[in-house]
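Source file run_17.txt; content: compact mmCIF, C-alpha atoms.
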# COMPACT_ATOMS: atom_id res chain seq x y z
CA MET W 28 -14.91 -24.13 29.15
CA ALA W 29 -15.49 -26.41 26.17
CA VAL W 30 -18.46 -24.25 25.12
CA LEU W 31 -16.34 -21.09 25.27
CA ALA W 32 -13.54 -22.73 23.30
CA HIS W 33 -16.02 -23.82 20.63
CA ALA W 34 -17.47 -20.29 20.43
CA ALA W 35 -13.99 -18.83 20.00
CA GLU W 36 -13.23 -21.33 17.24
CA GLN W 37 -16.44 -20.38 15.45
CA ASP W 38 -15.57 -16.70 15.77
CA ASP W 39 -12.20 -17.42 14.13
CA VAL W 40 -13.84 -19.34 11.28
CA TRP W 41 -16.40 -16.65 10.46
CA MET W 42 -13.87 -13.83 10.84
CA GLN W 43 -11.60 -15.59 8.37
CA GLN W 44 -14.47 -15.45 5.88
CA ALA W 45 -14.90 -11.73 6.56
CA LEU W 46 -11.16 -11.20 5.99
CA ALA W 47 -11.37 -13.05 2.67
CA LEU W 48 -14.18 -10.72 1.63
CA ALA W 49 -12.17 -7.66 2.67
CA GLN W 50 -9.31 -8.91 0.51
CA LYS W 51 -11.53 -8.34 -2.54
CA GLY W 52 -11.30 -4.60 -1.98
CA ILE W 53 -7.56 -4.06 -1.48
CA TYR W 54 -7.06 -2.83 -5.05
CA SER W 55 -10.10 -0.58 -5.29
CA THR W 56 -10.97 1.08 -1.98
CA ARG W 57 -8.17 3.63 -1.60
CA PRO W 58 -8.03 5.92 0.26
CA ASN W 59 -10.61 3.99 2.31
CA PRO W 60 -9.69 0.78 4.13
CA ALA W 61 -10.65 -2.65 2.79
CA VAL W 62 -13.38 -4.14 5.01
CA GLY W 63 -15.36 -7.37 4.94
CA CYS W 64 -18.48 -8.41 6.85
CA VAL W 65 -20.36 -11.67 7.45
CA ILE W 66 -23.70 -12.03 9.26
CA VAL W 67 -24.43 -15.37 10.94
CA ARG W 68 -27.66 -16.64 12.49
CA ASP W 69 -28.19 -20.07 14.00
CA GLY W 70 -24.80 -21.18 12.70
CA LYS W 71 -25.54 -20.23 9.09
CA ARG W 72 -24.35 -17.29 7.02
CA VAL W 73 -27.31 -15.10 6.10
CA GLY W 74 -25.49 -12.07 4.69
CA GLN W 75 -22.08 -10.92 3.52
CA GLY W 76 -20.44 -7.94 1.88
CA TRP W 77 -17.28 -5.93 1.40
CA HIS W 78 -16.47 -2.29 0.75
CA PRO W 79 -15.75 -2.01 -2.99
CA LYS W 80 -14.92 1.67 -3.48
CA ALA W 81 -14.72 5.01 -1.66
CA GLY W 82 -18.12 6.72 -1.74
CA GLU W 83 -20.03 3.44 -2.05
CA PRO W 84 -21.76 1.64 0.85
CA HIS W 85 -19.61 0.00 3.48
CA ALA W 86 -19.31 -3.77 3.99
CA GLU W 87 -21.90 -3.87 6.77
CA VAL W 88 -24.55 -2.25 4.56
CA PHE W 89 -24.16 -4.84 1.80
CA ALA W 90 -24.29 -7.66 4.36
CA LEU W 91 -27.40 -6.23 6.04
CA ARG W 92 -29.14 -5.85 2.69
CA GLU W 93 -28.53 -9.51 1.92
CA ALA W 94 -29.58 -10.68 5.38
CA GLY W 95 -32.77 -8.63 5.54
CA GLU W 96 -34.96 -9.58 8.52
CA LEU W 97 -32.62 -12.48 9.31
CA ALA W 98 -30.16 -9.95 10.71
CA ARG W 99 -32.33 -9.52 13.82
CA GLY W 100 -30.72 -11.43 16.67
CA ALA W 101 -27.75 -12.43 14.48
CA THR W 102 -23.99 -12.15 15.01
CA VAL W 103 -22.05 -9.78 12.77
CA TYR W 104 -18.38 -10.40 11.96
CA VAL W 105 -16.59 -7.33 10.62
CA THR W 106 -12.89 -6.77 10.01
CA LEU W 107 -12.90 -3.14 11.18
CA GLU W 108 -14.92 -1.31 13.83
CA PRO W 109 -18.22 -0.06 12.34
CA CYS W 110 -18.09 3.65 11.61
CA SER W 111 -19.97 6.02 13.89
CA HIS W 112 -19.85 9.27 11.90
CA PHE W 113 -21.44 10.67 8.78
CA GLY W 114 -18.95 10.70 5.91
CA LYS W 115 -19.99 9.99 2.34
CA THR W 116 -22.29 7.33 3.80
CA PRO W 117 -24.33 7.10 7.05
CA PRO W 118 -22.86 5.45 10.19
CA CYS W 119 -22.72 1.66 10.00
CA ALA W 120 -23.03 1.39 13.79
CA ASP W 121 -26.48 2.99 13.56
CA ALA W 122 -27.46 0.60 10.74
CA LEU W 123 -26.49 -2.41 12.88
CA VAL W 124 -28.51 -1.08 15.82
CA ALA W 125 -31.53 -0.47 13.62
CA ALA W 126 -31.27 -4.00 12.22
CA GLY W 127 -31.49 -5.45 15.73
CA VAL W 128 -28.31 -7.56 15.65
CA ALA W 129 -27.43 -9.24 18.95
CA ARG W 130 -23.65 -9.47 18.76
CA VAL W 131 -20.81 -7.82 16.83
CA VAL W 132 -17.39 -9.44 16.56
CA MET W 133 -14.63 -7.11 15.32
CA ALA W 134 -11.10 -7.84 14.21
CA MET W 135 -9.80 -4.42 15.27
CA GLN W 136 -10.78 -0.91 16.26
CA ASP W 137 -10.71 1.80 13.62
CA PRO W 138 -7.56 3.95 13.99
CA ASN W 139 -9.43 6.93 12.55
CA PRO W 140 -9.82 9.40 15.48
CA GLN W 141 -13.36 10.15 14.27
CA VAL W 142 -14.33 6.53 14.86
CA CYS W 143 -11.90 4.85 17.28
CA GLY W 144 -13.97 3.39 20.10
CA ARG W 145 -17.08 5.38 19.21
CA GLY W 146 -18.56 2.69 17.01
CA MET W 147 -18.12 0.15 19.80
CA ALA W 148 -19.65 2.53 22.34
CA ARG W 149 -22.69 3.09 20.11
CA LEU W 150 -23.26 -0.65 19.84
CA VAL W 151 -22.78 -1.29 23.56
CA SER W 152 -25.15 1.55 24.48
CA ALA W 153 -27.82 -0.20 22.40
CA GLY W 154 -27.34 -3.42 24.34
CA ILE W 155 -25.36 -5.23 21.65
CA GLU W 156 -22.58 -7.55 22.80
CA VAL W 157 -19.22 -6.53 21.29
CA VAL W 158 -16.10 -8.69 20.97
CA ASP W 159 -12.87 -7.09 19.76
CA GLY W 160 -9.49 -8.42 18.58
CA VAL W 161 -10.46 -11.59 16.69
CA LYS W 162 -7.73 -12.18 14.06
CA SER W 163 -6.49 -8.63 14.54
CA HIS W 164 -3.05 -9.35 13.09
CA GLU W 165 -4.56 -10.37 9.75
CA ALA W 166 -6.85 -7.33 9.77
CA VAL W 167 -3.91 -4.98 10.34
CA ALA W 168 -2.00 -6.53 7.41
CA LEU W 169 -4.91 -5.68 5.07
CA ASN W 170 -4.80 -1.93 5.69
CA GLN W 171 -1.25 -0.99 6.67
CA GLY W 172 -1.29 2.30 4.76
CA PHE W 173 -4.62 3.49 6.15
CA ILE W 174 -3.64 2.51 9.69
CA LYS W 175 -0.24 4.18 9.55
CA TYR W 176 -1.67 7.40 8.16
CA MET W 177 -4.39 7.58 10.80
CA GLN W 178 -1.82 7.03 13.54
CA THR W 179 1.09 9.13 12.23
CA LYS W 180 -0.13 11.16 9.21
CA LYS W 181 2.60 9.38 7.21
CA PRO W 182 2.13 6.89 4.35
CA PHE W 183 3.22 3.24 4.45
CA VAL W 184 6.25 2.83 2.18
CA ARG W 185 7.17 -0.36 0.38
CA LEU W 186 10.51 -0.58 -1.38
CA LYS W 187 10.64 -3.00 -4.31
CA LEU W 188 14.00 -4.38 -5.39
CA ALA W 189 14.93 -6.97 -8.02
CA SER W 190 18.34 -8.52 -8.42
CA SER W 191 20.41 -11.60 -9.10
CA VAL W 192 21.41 -13.86 -6.23
CA ASP W 193 24.66 -11.92 -5.91
CA GLY W 194 22.74 -8.66 -5.48
CA ARG W 195 23.26 -7.10 -8.91
CA THR W 196 20.57 -5.10 -10.69
CA ALA W 197 22.36 -4.56 -14.01
CA MET W 198 25.54 -5.45 -15.82
CA ALA W 199 28.42 -2.97 -15.78
CA SER W 200 27.28 -1.88 -19.26
CA GLY W 201 23.89 -0.93 -17.82
CA GLU W 202 22.07 -3.86 -19.43
CA SER W 203 19.26 -4.84 -17.04
CA ILE W 204 16.21 -5.93 -19.01
CA TRP W 205 14.21 -8.76 -17.42
CA ILE W 206 16.37 -9.79 -14.51
CA THR W 207 13.40 -11.78 -13.16
CA GLY W 208 10.92 -13.95 -15.05
CA ASP W 209 7.39 -13.24 -16.22
CA ALA W 210 5.67 -14.63 -13.11
CA ALA W 211 7.70 -12.36 -10.82
CA ARG W 212 7.02 -9.36 -13.05
CA GLN W 213 3.28 -10.05 -12.84
CA GLU W 214 3.57 -10.07 -9.05
CA VAL W 215 5.29 -6.70 -9.23
CA HIS W 216 2.41 -5.29 -11.28
CA LYS W 217 -0.09 -6.61 -8.73
CA LEU W 218 1.99 -4.97 -6.03
CA ARG W 219 1.97 -1.68 -7.95
CA ALA W 220 -1.81 -1.88 -8.24
CA ARG W 221 -2.13 -1.77 -4.43
CA HIS W 222 -0.41 1.62 -4.28
CA GLY W 223 -1.59 5.13 -4.90
CA ALA W 224 1.86 6.29 -6.04
CA ILE W 225 5.08 4.85 -7.44
CA VAL W 226 8.22 6.87 -6.69
CA THR W 227 11.46 6.80 -8.64
CA GLY W 228 14.47 9.01 -9.23
CA ILE W 229 15.33 10.92 -12.38
CA GLY W 230 18.36 8.68 -12.85
CA THR W 231 16.08 5.69 -13.45
CA VAL W 232 14.02 7.69 -15.94
CA LEU W 233 17.11 8.75 -17.88
CA ALA W 234 18.65 5.27 -17.86
CA ASP W 235 15.61 3.05 -18.44
CA ASP W 236 12.74 5.24 -19.72
CA PRO W 237 10.23 3.25 -17.61
CA SER W 238 6.45 3.21 -18.06
CA MET W 239 5.69 3.13 -14.30
CA ASN W 240 2.19 1.78 -14.78
CA VAL W 241 0.27 -1.43 -14.11
CA ARG W 242 0.29 -3.95 -16.95
CA LEU W 243 -1.89 -6.97 -16.30
CA ALA W 244 -4.03 -9.22 -18.49
CA GLU W 245 -7.67 -8.17 -18.75
CA SER W 246 -8.74 -11.39 -17.05
CA THR W 247 -6.43 -10.66 -14.10
CA LYS W 248 -7.74 -7.12 -13.79
CA ARG W 249 -11.32 -8.39 -13.68
CA GLU W 250 -10.35 -10.98 -11.08
CA LEU W 251 -8.77 -8.29 -8.90
CA GLY W 252 -11.57 -5.77 -9.42
CA LEU W 253 -9.26 -3.32 -11.16
CA THR W 254 -10.64 -0.57 -13.37
CA ASP W 255 -8.54 1.26 -15.94
CA ALA W 256 -8.32 4.27 -13.62
CA LEU W 257 -6.93 2.13 -10.78
CA CYS W 258 -4.28 0.70 -13.12
CA HIS W 259 -2.48 4.02 -13.17
CA PRO W 260 -0.94 4.92 -9.81
CA LEU W 261 0.44 8.44 -9.59
CA ARG W 262 3.96 8.45 -11.08
CA VAL W 263 6.30 10.51 -8.90
CA ILE W 264 9.72 11.54 -10.22
CA LEU W 265 12.35 12.97 -7.88
CA ASP W 266 14.12 15.44 -10.15
CA PRO W 267 16.27 18.01 -8.29
CA ASN W 268 17.61 19.62 -11.49
CA LEU W 269 14.56 19.43 -13.77
CA SER W 270 16.20 16.93 -16.10
CA MET W 271 12.97 15.16 -17.10
CA PRO W 272 12.99 14.37 -20.86
CA LEU W 273 10.00 15.77 -22.70
CA ASP W 274 9.84 12.57 -24.78
CA ALA W 275 9.81 10.21 -21.80
CA LYS W 276 7.62 7.18 -22.53
CA MET W 277 5.45 7.65 -19.45
CA LEU W 278 4.27 11.06 -20.65
CA SER W 279 2.41 9.43 -23.53
CA LEU W 280 0.67 6.92 -21.26
CA PRO W 281 -2.59 7.32 -19.31
CA GLY W 282 -2.28 8.57 -15.74
CA ARG W 283 -0.62 11.47 -13.96
CA THR W 284 3.09 12.21 -13.74
CA LEU W 285 4.18 14.37 -10.81
CA LEU W 286 7.69 15.79 -10.80
CA MET W 287 9.16 16.92 -7.50
CA SER W 288 11.97 19.45 -7.36
CA SER W 289 13.14 22.28 -5.12
CA ALA W 290 11.52 25.71 -5.02
CA HIS W 291 14.80 27.34 -6.03
CA THR W 292 15.18 25.09 -9.08
CA VAL W 293 11.59 25.63 -10.18
CA GLN W 294 11.79 29.40 -9.79
CA SER W 295 15.11 29.60 -11.62
CA ASN W 296 14.09 27.58 -14.68
CA GLN W 297 10.77 28.98 -15.80
CA SER W 298 11.23 28.06 -19.47
CA VAL W 299 11.94 24.43 -18.56
CA VAL W 300 8.97 24.42 -16.21
CA ASP W 301 6.72 25.77 -18.95
CA SER W 302 7.87 23.05 -21.35
CA LEU W 303 7.27 20.32 -18.81
CA LEU W 304 3.83 21.66 -17.95
CA ALA W 305 2.96 21.76 -21.63
CA ALA W 306 4.01 18.10 -21.89
CA GLY W 307 1.53 17.19 -19.15
CA VAL W 308 3.91 17.00 -16.21
CA GLU W 309 2.70 18.31 -12.86
CA ILE W 310 5.40 20.02 -10.80
CA VAL W 311 5.59 20.35 -7.03
CA ALA W 312 8.33 22.10 -5.06
CA VAL W 313 9.41 20.33 -1.86
CA GLN W 314 12.02 21.08 0.74
CA ALA W 315 15.60 20.55 -0.37
CA LYS W 316 19.17 21.15 0.68
CA GLU W 317 21.37 21.99 -2.29
CA ASP W 318 20.57 19.25 -4.84
CA LEU W 319 19.06 16.83 -2.31
CA LEU W 320 15.29 16.62 -1.97
CA ASP W 321 13.90 15.99 1.49
CA LEU W 322 12.27 12.58 1.24
CA GLU W 323 10.08 13.11 4.26
CA SER W 324 8.60 16.20 2.60
CA VAL W 325 7.92 14.11 -0.51
CA LEU W 326 5.99 11.55 1.52
CA ASP W 327 4.16 14.21 3.53
CA TYR W 328 2.94 15.83 0.32
CA LEU W 329 1.66 12.53 -1.09
CA ALA W 330 -0.21 11.65 2.10
CA GLN W 331 -1.65 15.02 3.01
CA GLU W 332 -2.27 16.61 -0.39
CA GLU W 333 -2.98 13.54 -2.54
CA GLN W 334 -4.55 11.26 0.11
CA ILE W 335 -2.11 8.51 -0.83
CA TYR W 336 -1.44 6.22 2.12
CA ASP W 337 0.46 3.42 0.32
CA VAL W 338 3.61 4.44 -1.55
CA MET W 339 5.85 2.14 -3.56
CA VAL W 340 9.48 3.06 -4.27
CA GLU W 341 10.99 1.54 -7.43
CA SER W 342 14.27 3.26 -8.07
CA GLY W 343 17.99 2.99 -8.55
CA ALA W 344 20.44 2.06 -5.82
CA SER W 345 21.09 5.60 -4.56
CA VAL W 346 17.48 6.72 -4.11
CA ALA W 347 16.49 3.34 -2.66
CA GLY W 348 19.40 3.52 -0.24
CA ALA W 349 18.49 7.06 0.78
CA PHE W 350 14.95 5.97 1.69
CA VAL W 351 16.34 3.05 3.71
CA GLU W 352 18.99 5.05 5.54
CA ALA W 353 16.42 7.71 6.39
CA GLY W 354 14.28 5.09 8.09
CA LEU W 355 11.36 5.82 5.79
CA VAL W 356 10.78 2.30 4.43
CA ASP W 357 8.26 0.12 6.23
CA GLU W 358 8.51 -3.00 4.11
CA LEU W 359 11.08 -4.34 1.66
CA HIS W 360 9.98 -6.54 -1.25
CA TRP W 361 12.98 -8.23 -2.85
CA PHE W 362 12.61 -10.33 -5.98
CA VAL W 363 15.64 -12.56 -6.50
CA ALA W 364 16.48 -14.30 -9.78
CA PRO W 365 18.50 -17.54 -9.68
CA HIS W 366 21.56 -16.36 -11.55
CA LEU W 367 24.85 -14.58 -10.96
CA MET W 368 25.82 -11.34 -12.70
CA GLY W 369 29.35 -10.79 -11.42
CA HIS W 370 31.06 -8.29 -9.17
CA ARG W 371 31.26 -5.60 -11.87
CA GLY W 372 27.45 -5.39 -12.05
CA LYS W 373 25.47 -2.57 -10.45
CA PRO W 374 24.68 -3.02 -6.74
CA LEU W 375 21.24 -3.43 -5.22
CA LEU W 376 21.54 -0.53 -2.75
CA VAL W 377 23.92 2.30 -2.00
CA LEU W 378 24.15 2.78 1.77
CA PRO W 379 27.06 5.21 2.26
CA HIS W 380 26.64 5.63 6.01
CA ILE W 381 27.17 1.99 6.92
CA ASP W 382 30.84 1.51 7.74
CA ALA W 383 30.88 -0.84 10.74
CA MET W 384 28.95 -3.91 11.87
CA GLN W 385 27.22 -1.81 14.51
CA ASP W 386 25.76 0.35 11.74
CA ARG W 387 23.89 -2.54 10.16
CA ILE W 388 20.19 -2.06 9.46
CA GLN W 389 18.30 -4.96 10.99
CA LEU W 390 15.60 -6.62 8.89
CA LYS W 391 12.78 -8.87 10.09
CA SER W 392 11.76 -11.72 7.80
CA LYS W 393 8.01 -11.64 7.12
CA SER W 394 7.53 -14.07 4.24
CA VAL W 395 9.20 -15.85 1.33
CA GLN W 396 7.50 -17.31 -1.72
CA GLN W 397 8.69 -18.91 -4.93
CA VAL W 398 7.27 -17.11 -7.97
CA GLY W 399 8.03 -19.02 -11.13
CA ASP W 400 11.79 -19.56 -11.09
CA ASP W 401 12.35 -16.54 -8.83
CA TRP W 402 11.90 -15.79 -5.13
CA HIS W 403 9.93 -13.03 -3.45
CA PHE W 404 11.24 -12.07 -0.01
CA VAL W 405 9.35 -9.65 2.24
CA PHE W 406 11.16 -7.97 5.12
CA GLY W 407 10.11 -5.51 7.77
CA PHE W 408 12.41 -3.01 9.48
CA GLU W 409 13.21 -2.19 13.03
CA PRO W 410 11.67 1.16 14.11
CA PRO W 411 13.05 3.91 11.85
CA SER W 412 15.73 6.27 13.04
CA THR W 413 14.97 9.93 13.67
CA THR W 414 17.41 11.19 11.01
CA ASN W 415 15.93 13.27 8.25
CA GLY W 416 15.96 11.75 4.76
CA GLU W 417 17.31 13.52 1.69
CA ALA W 418 17.86 12.43 -1.89
Please go through the file and, once you have read it, give me the structure as structure tokens.
Amino acid sequence: MAVLAHAAEQDDVWMQQALALAQKGIYSTRPNPAVGCVIVRDGKRVGQGWHPKAGEPHAEVFALREAGELARGATVYVTLEPCSHFGKTPPCADALVAAGVARVVMAMQDPNPQVCGRGMARLVSAGIEVVDGVKSHEAVALNQGFIKYMQTKKPFVRLKLASSVDGRTAMASGESIWITGDAARQEVHKLRARHGAIVTGIGTVLADDPSMNVRLAESTKRELGLTDALCHPLRVILDPNLSMPLDAKMLSLPGRTLLMSSAHTVQSNQSVVDSLLAAGVEIVAVQAKEDLLDLESVLDYLAQEEQIYDVMVESGASVAGAFVEAGLVDELHWFVAPHLMGHRGKPLLVLPHIDAMQDRIQLKSKSVQQVGDDWHFVFGFEPPSTTNGEA
């Protein structure tokens, strides 16, 4: 029993190293998952690697290259089940078999239907011992968007909010610049960099003229493996009435701006559409009821047409509340500044359908961290309701 316990402890230690390697790819691999791999022989690491970018070799390939002949008879620790199909690269399961490894320890199975269980089966059929589920919780946290899309065809949605302690996002006059400090704002930009799209409402554009991009020091970008292209998530504007200003700041910045409106509005305002297109705005018609866009249709378009599996919502109180009430938010990131702005300030969320205690939306605390003088709370949600979302 002591031998088995020691082996399990060693598996945990080496898998933690593989998870740390996978972490290096969370800003650059989309739409692929971030994966890390460590190869161990006789208690020593002989190879390691991580998947840096879609279209480039997977983590196992880099680790096998480093290990060379030392991979034969070794144990491989990988954060996601080795792929078994030909995509942009050959199957990693075949590469592990060819290298003659003796044992593969996985954190989790791949939720991709093309892979799930098949990579394991390929390894087992070649006589390789396979262990699954080592530090699976940590592995899931690395690739929430990829996993959710593969299981549901929906993206993982994070809602970012920032307010004073008394839940105000702006003064009654509308003044709202720099509620939180510089350290918290840098965390927000890192959070943006993990997402393929940032969604906001036209009200925020008209009130604040935001840039909706990633602004980090060059040294930070190098540390995170960010290229200029990855610093520009798709900007998505929910604009039911085509009110987007042609001189909006974001239109002069690198990156794409996608405006979503209803088919009726787009068809009825051809001259406005032409002006927006000439200004570099892309326009997509989604389902709508009167002046309310169907939020589920917005998310479906981003996932299925743009291959965006991680979506960040940064918006005003009404749009943010609509996403929450529709049950479309998976994770809430709330940055809280240690000051009070008074009851006349603008509220954090508008949730018009909550009238009684029984209507409360239950949150699950996931983490809390001090960032400079501010606090960063992360909450999960109970399973979303089946009501359709509109905004």
key: Computed interatomic separation between CA of Asn170 (chain W) and CA of Leu359 (chain W) (Å)   = 16.6 Å
message = I'd like to know which of W:Gly252, W:Gly52, W:Gly127, W:Gly230 is closest to Met271 (chain W), using only C-alpha atoms.
response = W:Gly230
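Counting only C-alpha atoms and comparing W:Ser342, W:Ala120, W:Arg221, W:Asn139, the residue that lies closest to Ser152 (chain W) is W:Ala120.
Every protein or nucleic acid residue with an atom no more than 8 Å from Gln136 (chain W), counting only C-alpha atoms and leaving out same-chain residues fewer than 2 positions away, appears here: Leu107, Glu108, Met133, Ala134, Pro138, Cys143, Gly144, Asp159 and Gly160 of chain W.
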Residues near region 241-251 of chain W, anyone? I mean within 12 Å using all atoms listed in the file, not counting same-chain ones fewer than 3 positions away, as a PDB file with C-alpha atoms, in the coordinates of the input.
ATOM      1  CA  GLN W  50      -9.310  -8.910   0.510  1.00  0.00           C
ATOM      2  CA  LYS W  51     -11.530  -8.340  -2.540  1.00  0.00           C
ATOM      3  CA  GLY W  52     -11.300  -4.600  -1.980  1.00  0.00           C
ATOM      4  CA  ILE W  53      -7.560  -4.060  -1.480  1.00  0.00           C
ATOM      5  CA  TYR W  54      -7.060  -2.830  -5.050  1.00  0.00           C
ATOM      6  CA  SER W  55     -10.100  -0.580  -5.290  1.00  0.00           C
ATOM      7  CA  THR W  56     -10.970   1.080  -1.980  1.00  0.00           C
ATOM      8  CA  PRO W  79     -15.750  -2.010  -2.990  1.00  0.00           C
ATOM      9  CA  ASP W 209       7.390 -13.240 -16.220  1.00  0.00           C
ATOM     10  CA  ALA W 210       5.670 -14.630 -13.110  1.00  0.00           C
ATOM     11  CA  ARG W 212       7.020  -9.360 -13.050  1.00  0.00           C
ATOM     12  CA  GLN W 213       3.280 -10.050 -12.840  1.00  0.00           C
ATOM     13  CA  GLU W 214       3.570 -10.070  -9.050  1.00  0.00           C
ATOM     14  CA  VAL W 215       5.290  -6.700  -9.230  1.00  0.00           C
ATOM     15  CA  HIS W 216       2.410  -5.290 -11.280  1.00  0.00           C
ATOM     16  CA  LYS W 217      -0.090  -6.610  -8.730  1.00  0.00           C
ATOM     17  CA  LEU W 218       1.990  -4.970  -6.030  1.00  0.00           C
ATOM     18  CA  ARG W 219       1.970  -1.680  -7.950  1.00  0.00           C
ATOM     19  CA  ALA W 220      -1.810  -1.880  -8.240  1.00  0.00           C
ATOM     20  CA  ARG W 221      -2.130  -1.770  -4.430  1.00  0.00           C
ATOM     21  CA  HIS W 222      -0.410   1.620  -4.280  1.00  0.00           C
ATOM     22  CA  GLY W 223      -1.590   5.130  -4.900  1.00  0.00           C
ATOM     23  CA  ALA W 224       1.860   6.290  -6.040  1.00  0.00           C
ATOM     24  CA  ILE W 225       5.080   4.850  -7.440  1.00  0.00           C
ATOM     25  CA  PRO W 237      10.230   3.250 -17.610  1.00  0.00           C
ATOM     26  CA  SER W 238       6.450   3.210 -18.060  1.00  0.00           C
ATOM     27  CA  THR W 254     -10.640  -0.570 -13.370  1.00  0.00           C
ATOM     28  CA  ASP W 255      -8.540   1.260 -15.940  1.00  0.00           C
ATOM     29  CA  ALA W 256      -8.320   4.270 -13.620  1.00  0.00           C
ATOM     30  CA  LEU W 257      -6.930   2.130 -10.780  1.00  0.00           C
ATOM     31  CA  CYS W 258      -4.280   0.700 -13.120  1.00  0.00           C
ATOM     32  CA  HIS W 259      -2.480   4.020 -13.170  1.00  0.00           C
ATOM     33  CA  PRO W 260      -0.940   4.920  -9.810  1.00  0.00           C
ATOM     34  CA  LEU W 261       0.440   8.440  -9.590  1.00  0.00           C
ATOM     35  CA  ARG W 262       3.960   8.450 -11.080  1.00  0.00           C
ATOM     36  CA  MET W 277       5.450   7.650 -19.450  1.00  0.00           C
ATOM     37  CA  LEU W 280       0.670   6.920 -21.260  1.00  0.00           C
ATOM     38  CA  PRO W 281      -2.590   7.320 -19.310  1.00  0.00           C
ATOM     39  CA  GLY W 282      -2.280   8.570 -15.740  1.00  0.00           C
TER      40      GLY W 282
END
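The space between CA of Leu278 (chain W) and CA of Leu326 (chain W) spans 22.2 Å.
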query = Which polymer residues have any atom within 10 Å of an atom of Val263 (chain W), counting all atoms listed in the file, with same-chain residues fewer than 3 positions away left out, as JSON, numbers by chain?
reply = {"W": [224, 225, 226, 227, 228, 229, 239, 260, 266, 283, 284, 285, 286, 287, 309, 310, 325, 329, 338, 339, 340]}
inquiry  = Neighbouring residues of Thr179 (chain W) were defined as those with any atom within 12 Å, considering only C-alpha atoms; residues of the same chain fewer than 3 positions away were excluded. Please report them as an MDAnalysis selection string.
reply    = chainID W and resid 138:140 171:176 182:183 327 330:331 336
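Comparing W:Leu265, W:Val131, W:Val346, W:Leu355 by their smallest distance to Arg68 (chain W), the closest is W:Val131 (using all atoms listed in the file).
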inquiry  = Here's a test: counting all atoms listed in the file, identify every protein, DNA and RNA residue with an atom at most 8 Å from (-8.3, 8.9, -1.9) in the file's coordinate frame, and state them as a PyMOL selection string.
reply    = chain W and resi 57-59+81+333-335
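Around Val158 (chain W), within 12 Å and counting all atoms listed in the file, the residues found are Ala34, Ala35, Asp38, Asp39, Met42, Thr102, Val103, Tyr104, Val105, Thr106, Leu107, Glu108, Ala129, Arg130, Val131, Val132, Met133, Ala134, Met135, Gln136, Met147, Ala148, Leu150, Val151 and Ser163 of chain W, once anything fewer than 5 positions away on its own chain is removed.
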query = With distances taken over all atoms listed in the file, which of W:His78, W:His112, W:His360, W:Lys276 is nearest to Leu186 (chain W)?
reply = W:His360
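Straight-line separation from CA of Phe362 (chain W) to CA of Gly194 (chain W): 10.3 Å.
Between Val351 (chain W) and the candidates W:Trp205, W:Arg185, W:Ser394, W:Ile264, the tightest atom-to-atom separation, counting only C-alpha atoms, involves W:Arg185.
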Completion of region 132-142 of chain W up to N, CA and C atoms, as an mmCIF file, keeping the file's coordinate frame:
data_model
loop_
_atom_site.group_PDB
_atom_site.id
_atom_site.type_symbol
_atom_site.label_atom_id
_atom_site.label_comp_id
_atom_site.auth_asym_id
_atom_site.auth_seq_id
_atom_site.Cartn_x
_atom_site.Cartn_y
_atom_site.Cartn_z
ATOM 1 N N VAL W 132 -18.763 -8.996 16.351
ATOM 2 C CA VAL W 132 -17.390 -9.440 16.560
ATOM 3 C C VAL W 132 -16.491 -8.679 15.592
ATOM 4 N N MET W 133 -15.504 -7.944 16.129
ATOM 5 C CA MET W 133 -14.630 -7.110 15.320
ATOM 6 C C MET W 133 -13.210 -7.675 15.341
ATOM 7 N N ALA W 134 -12.513 -7.469 14.234
ATOM 8 C CA ALA W 134 -11.100 -7.840 14.210
ATOM 9 C C ALA W 134 -10.246 -6.774 14.891
ATOM 10 N N MET W 135 -10.596 -5.505 14.699
ATOM 11 C CA MET W 135 -9.800 -4.420 15.270
ATOM 12 C C MET W 135 -10.615 -3.141 15.339
ATOM 13 N N GLN W 136 -10.188 -2.233 16.205
ATOM 14 C CA GLN W 136 -10.780 -0.910 16.260
ATOM 15 C C GLN W 136 -10.285 -0.070 15.097
ATOM 16 N N ASP W 137 -11.069 0.898 14.710
ATOM 17 C CA ASP W 137 -10.710 1.800 13.620
ATOM 18 C C ASP W 137 -9.718 2.832 14.147
ATOM 19 N N PRO W 138 -8.538 2.962 13.520
ATOM 20 C CA PRO W 138 -7.560 3.950 13.990
ATOM 21 C C PRO W 138 -7.939 5.393 13.687
ATOM 22 N N ASN W 139 -8.973 5.580 12.868
ATOM 23 C CA ASN W 139 -9.430 6.930 12.550
ATOM 24 C C ASN W 139 -9.951 7.598 13.833
ATOM 25 N N PRO W 140 -9.381 8.734 14.235
ATOM 26 C CA PRO W 140 -9.820 9.400 15.480
ATOM 27 C C PRO W 140 -11.307 9.719 15.505
ATOM 28 N N GLN W 141 -11.927 9.868 14.325
ATOM 29 C CA GLN W 141 -13.360 10.150 14.270
ATOM 30 C C GLN W 141 -14.200 8.937 14.661
ATOM 31 N N VAL W 142 -13.584 7.770 14.631
ATOM 32 C CA VAL W 142 -14.330 6.530 14.860
ATOM 33 C C VAL W 142 -13.847 5.788 16.100
#
